[in-house]
file target.cif (mmCIF, C-alpha atoms)
data_my_file
loop_
_atom_site.group_PDB
_atom_site.id
_atom_site.type_symbol
_atom_site.label_atom_id
_atom_site.label_comp_id
_atom_site.auth_asym_id
_atom_site.auth_seq_id
_atom_site.Cartn_x
_atom_site.Cartn_y
_atom_site.Cartn_z
ATOM 1 C CA MET A 803 26.592 53.477 34.022
ATOM 2 C CA PHE A 804 23.825 51.057 33.119
ATOM 3 C CA THR A 805 23.750 49.266 29.807
ATOM 4 C CA THR A 806 21.379 46.818 28.260
ATOM 5 C CA ASP A 807 21.142 45.034 24.974
ATOM 6 C CA PHE A 808 17.462 46.113 24.907
ATOM 7 C CA THR A 809 16.248 42.523 24.990
ATOM 8 C CA THR A 810 13.937 41.350 27.741
ATOM 9 C CA ILE A 811 14.808 37.849 28.905
ATOM 10 C CA ALA A 812 13.107 35.235 31.072
ATOM 11 C CA ALA A 813 14.185 31.976 32.684
ATOM 12 C CA ILE A 814 13.313 29.581 35.446
ATOM 13 C CA SER A 815 15.609 30.564 38.310
ATOM 14 C CA THR A 816 15.021 27.589 40.603
ATOM 15 C CA PRO A 817 16.507 24.129 40.033
ATOM 16 C CA GLN A 818 14.729 21.907 37.549
ATOM 17 C CA GLY A 819 12.485 19.348 39.159
ATOM 18 C CA LYS A 820 9.362 19.084 41.247
ATOM 19 C CA GLY A 821 9.147 21.304 44.320
ATOM 20 C CA GLY A 822 6.722 23.332 46.383
ATOM 21 C CA VAL A 823 7.624 26.683 44.803
ATOM 22 C CA ALA A 824 9.418 27.821 41.651
ATOM 23 C CA LEU A 825 10.663 31.230 40.535
ATOM 24 C CA VAL A 826 10.593 32.626 37.002
ATOM 25 C CA ARG A 827 12.646 35.800 36.479
ATOM 26 C CA ILE A 828 12.053 38.394 33.761
ATOM 27 C CA SER A 829 14.638 41.139 33.210
ATOM 28 C CA GLY A 830 15.051 43.947 30.690
ATOM 29 C CA PRO A 831 13.331 47.048 29.386
ATOM 30 C CA GLU A 832 9.971 45.295 28.828
ATOM 31 C CA ALA A 833 9.956 43.264 32.071
ATOM 32 C CA ASN A 834 7.080 45.253 33.554
ATOM 33 C CA ALA A 835 5.031 44.981 30.355
ATOM 34 C CA VAL A 836 5.601 41.210 30.232
ATOM 35 C CA GLY A 837 4.601 41.000 33.906
ATOM 36 C CA ASP A 838 1.430 42.987 33.163
ATOM 37 C CA ARG A 839 0.494 40.534 30.391
ATOM 38 C CA ILE A 840 0.895 37.359 32.450
ATOM 39 C CA PHE A 841 0.110 38.385 36.041
ATOM 40 C CA LYS A 842 -3.297 39.661 37.098
ATOM 41 C CA ARG A 843 -3.574 41.056 40.602
ATOM 42 C CA ILE A 844 -6.730 40.359 42.554
ATOM 43 C CA ASN A 845 -7.326 44.108 43.031
ATOM 44 C CA GLY A 846 -7.073 44.767 39.284
ATOM 45 C CA LYS A 847 -3.948 46.958 39.453
ATOM 46 C CA SER A 848 -1.123 46.166 37.057
ATOM 47 C CA VAL A 849 2.318 44.943 38.032
ATOM 48 C CA SER A 850 3.913 48.066 36.542
ATOM 49 C CA GLU A 851 1.886 50.409 38.779
ATOM 50 C CA SER A 852 2.685 48.502 41.974
ATOM 51 C CA ALA A 853 5.338 49.497 44.482
ATOM 52 C CA PRO A 854 8.777 47.946 43.913
ATOM 53 C CA ARG A 855 9.969 45.115 46.179
ATOM 54 C CA MET A 856 6.454 44.245 47.347
ATOM 55 C CA ALA A 857 5.134 40.714 46.877
ATOM 56 C CA LEU A 858 1.747 40.766 45.166
ATOM 57 C CA PHE A 859 -0.801 37.949 45.085
ATOM 58 C CA GLY A 860 -2.674 37.168 41.896
ATOM 59 C CA GLU A 861 -3.251 34.870 38.958
ATOM 60 C CA ILE A 862 -0.693 33.851 36.373
ATOM 61 C CA VAL A 863 -2.389 33.700 32.979
ATOM 62 C CA ASP A 864 -1.672 32.700 29.408
ATOM 63 C CA PRO A 865 -1.295 36.026 27.548
ATOM 64 C CA THR A 866 -2.750 34.586 24.337
ATOM 65 C CA ASP A 867 -6.174 33.690 25.722
ATOM 66 C CA GLY A 868 -6.241 34.782 29.379
ATOM 67 C CA THR A 869 -6.703 31.283 30.793
ATOM 68 C CA ARG A 870 -5.510 30.820 34.344
ATOM 69 C CA ILE A 871 -2.285 28.852 34.727
ATOM 70 C CA ASP A 872 -1.755 29.193 38.476
ATOM 71 C CA THR A 873 -1.961 31.548 41.407
ATOM 72 C CA GLY A 874 1.220 32.979 42.828
ATOM 73 C CA LEU A 875 3.257 35.948 43.896
ATOM 74 C CA CYS A 876 4.854 38.634 41.759
ATOM 75 C CA THR A 877 7.578 41.060 42.835
ATOM 76 C CA ARG A 878 8.749 44.002 40.728
ATOM 77 C CA PHE A 879 12.248 45.478 41.035
ATOM 78 C CA ALA A 880 12.816 48.874 39.421
ATOM 79 C CA ALA A 881 16.140 49.598 37.709
ATOM 80 C CA PRO A 882 18.792 50.118 38.892
ATOM 81 C CA ASN A 883 17.732 48.457 42.172
ATOM 82 C CA SER A 884 17.660 44.853 40.962
ATOM 83 C CA PHE A 885 20.156 42.032 40.644
ATOM 84 C CA THR A 886 20.754 42.824 36.954
ATOM 85 C CA GLY A 887 20.416 46.600 37.282
ATOM 86 C CA GLU A 888 17.469 46.422 34.874
ATOM 87 C CA ASP A 889 13.727 46.417 35.480
ATOM 88 C CA THR A 890 13.004 42.923 36.776
ATOM 89 C CA VAL A 891 9.853 40.977 37.590
ATOM 90 C CA GLU A 892 9.910 37.718 39.527
ATOM 91 C CA ILE A 893 6.969 35.329 39.454
ATOM 92 C CA CYS A 894 6.679 32.687 42.176
ATOM 93 C CA CYS A 895 4.380 29.821 41.234
ATOM 94 C CA HIS A 896 3.810 26.291 42.454
ATOM 95 C CA GLY A 897 6.783 24.120 41.592
ATOM 96 C CA GLY A 898 5.513 21.394 39.304
ATOM 97 C CA MET A 899 7.786 20.846 36.311
ATOM 98 C CA LEU A 900 5.057 21.269 33.673
ATOM 99 C CA LEU A 901 3.527 24.202 35.540
ATOM 100 C CA THR A 902 6.845 26.053 35.836
ATOM 101 C CA GLU A 903 7.625 25.471 32.164
ATOM 102 C CA THR A 904 4.126 26.734 31.254
ATOM 103 C CA VAL A 905 4.708 29.949 33.223
ATOM 104 C CA LEU A 906 8.006 30.438 31.381
ATOM 105 C CA MET A 907 6.292 29.808 28.018
ATOM 106 C CA SER A 908 3.737 32.484 28.955
ATOM 107 C CA CYS A 909 6.583 34.942 29.582
ATOM 108 C CA LEU A 910 7.980 34.142 26.141
ATOM 109 C CA ALA A 911 4.543 34.476 24.521
ATOM 110 C CA ALA A 912 4.235 37.875 26.241
ATOM 111 C CA GLY A 913 7.424 39.163 24.586
ATOM 112 C CA ALA A 914 10.459 37.934 26.543
ATOM 113 C CA LYS A 915 13.280 35.935 24.972
ATOM 114 C CA PRO A 916 14.772 32.846 26.657
ATOM 115 C CA ALA A 917 17.766 33.723 28.819
ATOM 116 C CA THR A 918 20.992 31.867 28.197
ATOM 117 C CA ALA A 919 22.887 30.223 31.066
ATOM 118 C CA GLY A 920 24.483 32.914 33.224
ATOM 119 C CA GLU A 921 22.817 35.786 31.367
ATOM 120 C CA PHE A 922 21.304 37.412 34.469
ATOM 121 C CA THR A 923 24.748 37.459 36.102
ATOM 122 C CA ARG A 924 26.367 38.751 32.885
ATOM 123 C CA ARG A 925 23.915 41.653 32.862
ATOM 124 C CA ALA A 926 24.648 42.351 36.531
ATOM 125 C CA VAL A 927 28.364 42.609 35.696
ATOM 126 C CA MET A 928 27.726 44.741 32.592
ATOM 127 C CA ASN A 929 25.556 47.095 34.622
ATOM 128 C CA GLY A 930 28.107 47.481 37.408
ATOM 129 C CA LYS A 931 26.039 45.612 39.986
ATOM 130 C CA MET A 932 28.928 43.231 40.706
ATOM 131 C CA GLY A 933 32.519 42.745 39.687
ATOM 132 C CA LEU A 934 33.971 39.737 37.909
ATOM 133 C CA SER A 935 35.307 38.328 41.191
ATOM 134 C CA SER A 936 31.845 38.515 42.733
ATOM 135 C CA ALA A 937 30.315 36.862 39.672
ATOM 136 C CA GLU A 938 32.832 34.045 39.973
ATOM 137 C CA ALA A 939 32.107 33.806 43.702
ATOM 138 C CA LEU A 940 28.385 33.506 42.945
ATOM 139 C CA GLY A 941 29.156 30.515 40.739
ATOM 140 C CA ASN A 942 31.209 29.057 43.582
ATOM 141 C CA ILE A 943 28.283 29.531 46.004
ATOM 142 C CA LEU A 944 26.028 27.588 43.670
ATOM 143 C CA GLU A 945 28.619 24.799 43.287
ATOM 144 C CA ALA A 946 29.778 24.587 46.931
ATOM 145 C CA SER A 947 29.606 21.111 48.436
ATOM 146 C CA THR A 948 31.212 21.824 51.845
ATOM 147 C CA ARG A 949 30.734 24.519 54.490
ATOM 148 C CA GLU A 950 34.318 25.683 53.935
ATOM 149 C CA GLN A 951 33.716 26.171 50.204
ATOM 150 C CA LEU A 952 30.517 28.050 50.987
ATOM 151 C CA THR A 953 32.301 30.347 53.458
ATOM 152 C CA LEU A 954 35.081 31.098 50.961
ATOM 153 C CA ALA A 955 32.555 31.771 48.224
ATOM 154 C CA HIS A 956 30.526 34.102 50.459
ATOM 155 C CA ASN A 957 33.714 35.983 51.333
ATOM 156 C CA GLY A 958 34.298 36.444 47.608
ATOM 157 C CA MET A 959 30.740 37.723 47.110
ATOM 158 C CA GLY A 960 31.232 40.259 49.879
ATOM 159 C CA GLY A 961 34.259 41.680 48.103
ATOM 160 C CA ARG A 962 36.671 40.509 50.798
ATOM 161 C CA ILE A 963 38.978 38.922 48.232
ATOM 162 C CA GLU A 964 38.922 42.054 46.036
ATOM 163 C CA GLN A 965 39.550 44.252 49.088
ATOM 164 C CA ARG A 966 42.607 42.229 50.128
ATOM 165 C CA THR A 967 44.197 42.360 46.701
ATOM 166 C CA ALA A 968 43.483 46.054 46.097
#
call {"tool": "encode", "arguments": {"input": "target.cif", "output": "structure tokens"}}
result
Amino acid sequence: MFTTDFTTIAAISTPQGKGGVALVRISGPEANAVGDRIFKRINGKSVSESAPRMALFGEIVDPTDGTRIDTGLCTRFAAPNSFTGEDTVEICCHGGMLLTETVLMSCLAAGAKPATAGEFTRRAVMNGKMGLSSAEALGNILEASTREQLTLAHNGMGGRIEQRTA
């Protein structure tokens, strides 16, 4: 059973800072439409008419005036086959701090709302994509500082803890 609050959200999904690549995630009922407004494929086809789970090369543009922001990759995930269980579009751009923030602002100008901390995971739980134990384990993976903590967290993500207690 898949639920949504009918709001399309967007956020930078890579750590803040300067890096080679950054990822901006868009999720919700209008994710494909937002992707169509900010990502222009070289072959002219829209994001929404592309095959799911296929990385596409193109230009990331400002939806208000069409100016080019960057080139990058776009991948579309069709519901329910995404992390959140909703339609999802992921934009990979170069990882400059201003550039990544500009791509996010373009997503918001195209109709997405800013995601709150943990909102993608909350939607995954609401949509039955993961249980609460797995969501907690995901947090532990992100916070792990030793190999042992990482192994325990991965075991939790795989449902091993839930399986043992069931």
call {"tool": "residues_around", "arguments": {"input": "target.cif", "residues": "segment 810-824 of chain A", "least_positions_apart": "4", "cutoff": "7 Å", "atoms": "only C-alpha atoms", "output": "PyMOL selection string"}}
result
chain A and resi 828-833+894-899+902+906+909+914-917
call {"tool": "write_last_selection", "arguments": {"input": "target.cif", "atoms": "C-alpha atoms", "output": "mmCIF file, keeping the file's coordinate frame"}}
result
data_model
loop_
_atom_site.group_PDB
_atom_site.id
_atom_site.type_symbol
_atom_site.label_atom_id
_atom_site.label_comp_id
_atom_site.auth_asym_id
_atom_site.auth_seq_id
_atom_site.Cartn_x
_atom_site.Cartn_y
_atom_site.Cartn_z
ATOM 1 C CA ILE A 828 12.053 38.394 33.761
ATOM 2 C CA SER A 829 14.638 41.139 33.210
ATOM 3 C CA GLY A 830 15.051 43.947 30.690
ATOM 4 C CA PRO A 831 13.331 47.048 29.386
ATOM 5 C CA GLU A 832 9.971 45.295 28.828
ATOM 6 C CA ALA A 833 9.956 43.264 32.071
ATOM 7 C CA CYS A 894 6.679 32.687 42.176
ATOM 8 C CA CYS A 895 4.380 29.821 41.234
ATOM 9 C CA HIS A 896 3.810 26.291 42.454
ATOM 10 C CA GLY A 897 6.783 24.120 41.592
ATOM 11 C CA GLY A 898 5.513 21.394 39.304
ATOM 12 C CA MET A 899 7.786 20.846 36.311
ATOM 13 C CA THR A 902 6.845 26.053 35.836
ATOM 14 C CA LEU A 906 8.006 30.438 31.381
ATOM 15 C CA CYS A 909 6.583 34.942 29.582
ATOM 16 C CA ALA A 914 10.459 37.934 26.543
ATOM 17 C CA LYS A 915 13.280 35.935 24.972
ATOM 18 C CA PRO A 916 14.772 32.846 26.657
ATOM 19 C CA ALA A 917 17.766 33.723 28.819
#
call {"tool": "residues_around", "arguments": {"input": "target.cif", "residues": "Ala857 of chain A", "least_positions_apart": "4", "cutoff": "6 Å", "atoms": "all atoms listed in the file", "output": "JSON, numbers by chain"}}
result
{"A": [875, 876, 877]}
call {"tool": "atom_distance", "arguments": {"input": "target.cif", "atom1": "atom CA of Phe879 of chain A", "atom2": "atom CA of Thr918 of chain A"}}
result
20.7 Å
call {"tool": "resolve_selection", "arguments": {"input": "target.cif", "expression": "the PyMOL selection byres ((chain A and resi 837) around 8)", "output": "VMD selection string"}}
result
chain A and resid 828 833 to 836 838 to 841 849 to 850 891 909
call {"tool": "closest_atom_pairs", "arguments": {"input": "target.cif", "of": "segment 851-896 of chain A", "to": "segment 926-945 of chain A", "cutoff": "7 Å", "atoms": "only C-alpha atoms", "output": "tab-separated table"}}
result
residue	atom	partner	partner_atom	distance
A:Phe885	CA	A:Ala926	CA	6.1
A:Thr886	CA	A:Ala926	CA	3.9
A:Gly887	CA	A:Asn929	CA	5.8
call {"tool": "closest_residue", "arguments": {"input": "target.cif", "among": "A:Ala946, A:Leu952, A:Met907, A:Ala880", "to": "Glu851 of chain A", "atoms": "only C-alpha atoms"}}
result
A:Ala880
call {"tool": "axis_aligned_box", "arguments": {"input": "target.cif", "around": "segment 849-859 of chain A", "padding_each_side": "4 Å", "output": "lines of an AutoDock Vina configuration file"}}
result
center_x = 4.6
center_y = 44.2
center_z = 41.9
size_x = 18.8
size_y = 20.5
size_z = 18.8
call {"tool": "resolve_selection", "arguments": {"input": "target.cif", "expression": "the PyMOL selection byres ((chain A and resi 866-874) around 8)", "output": "ChimeraX atom specification"}}
result
/A:859-865,875-876,893-896,901,904-905,911-912
call {"tool": "atom_distance", "arguments": {"input": "target.cif", "atom1": "atom CA of Gln951 of chain A", "atom2": "atom CA of Ser884 of chain A"}}
result
26.3 Å
call {"tool": "closest_residue", "arguments": {"input": "target.cif", "among": "A:Asn883, A:Ser848, A:Asn957, A:Thr890", "to": "Arg827 of chain A", "atoms": "all atoms listed in the file"}}
result
A:Thr890
call {"tool": "atom_distance", "arguments": {"input": "target.cif", "atom1": "atom CA of Phe922 of chain A", "atom2": "atom CA of Phe808 of chain A"}}
result
13.5 Å
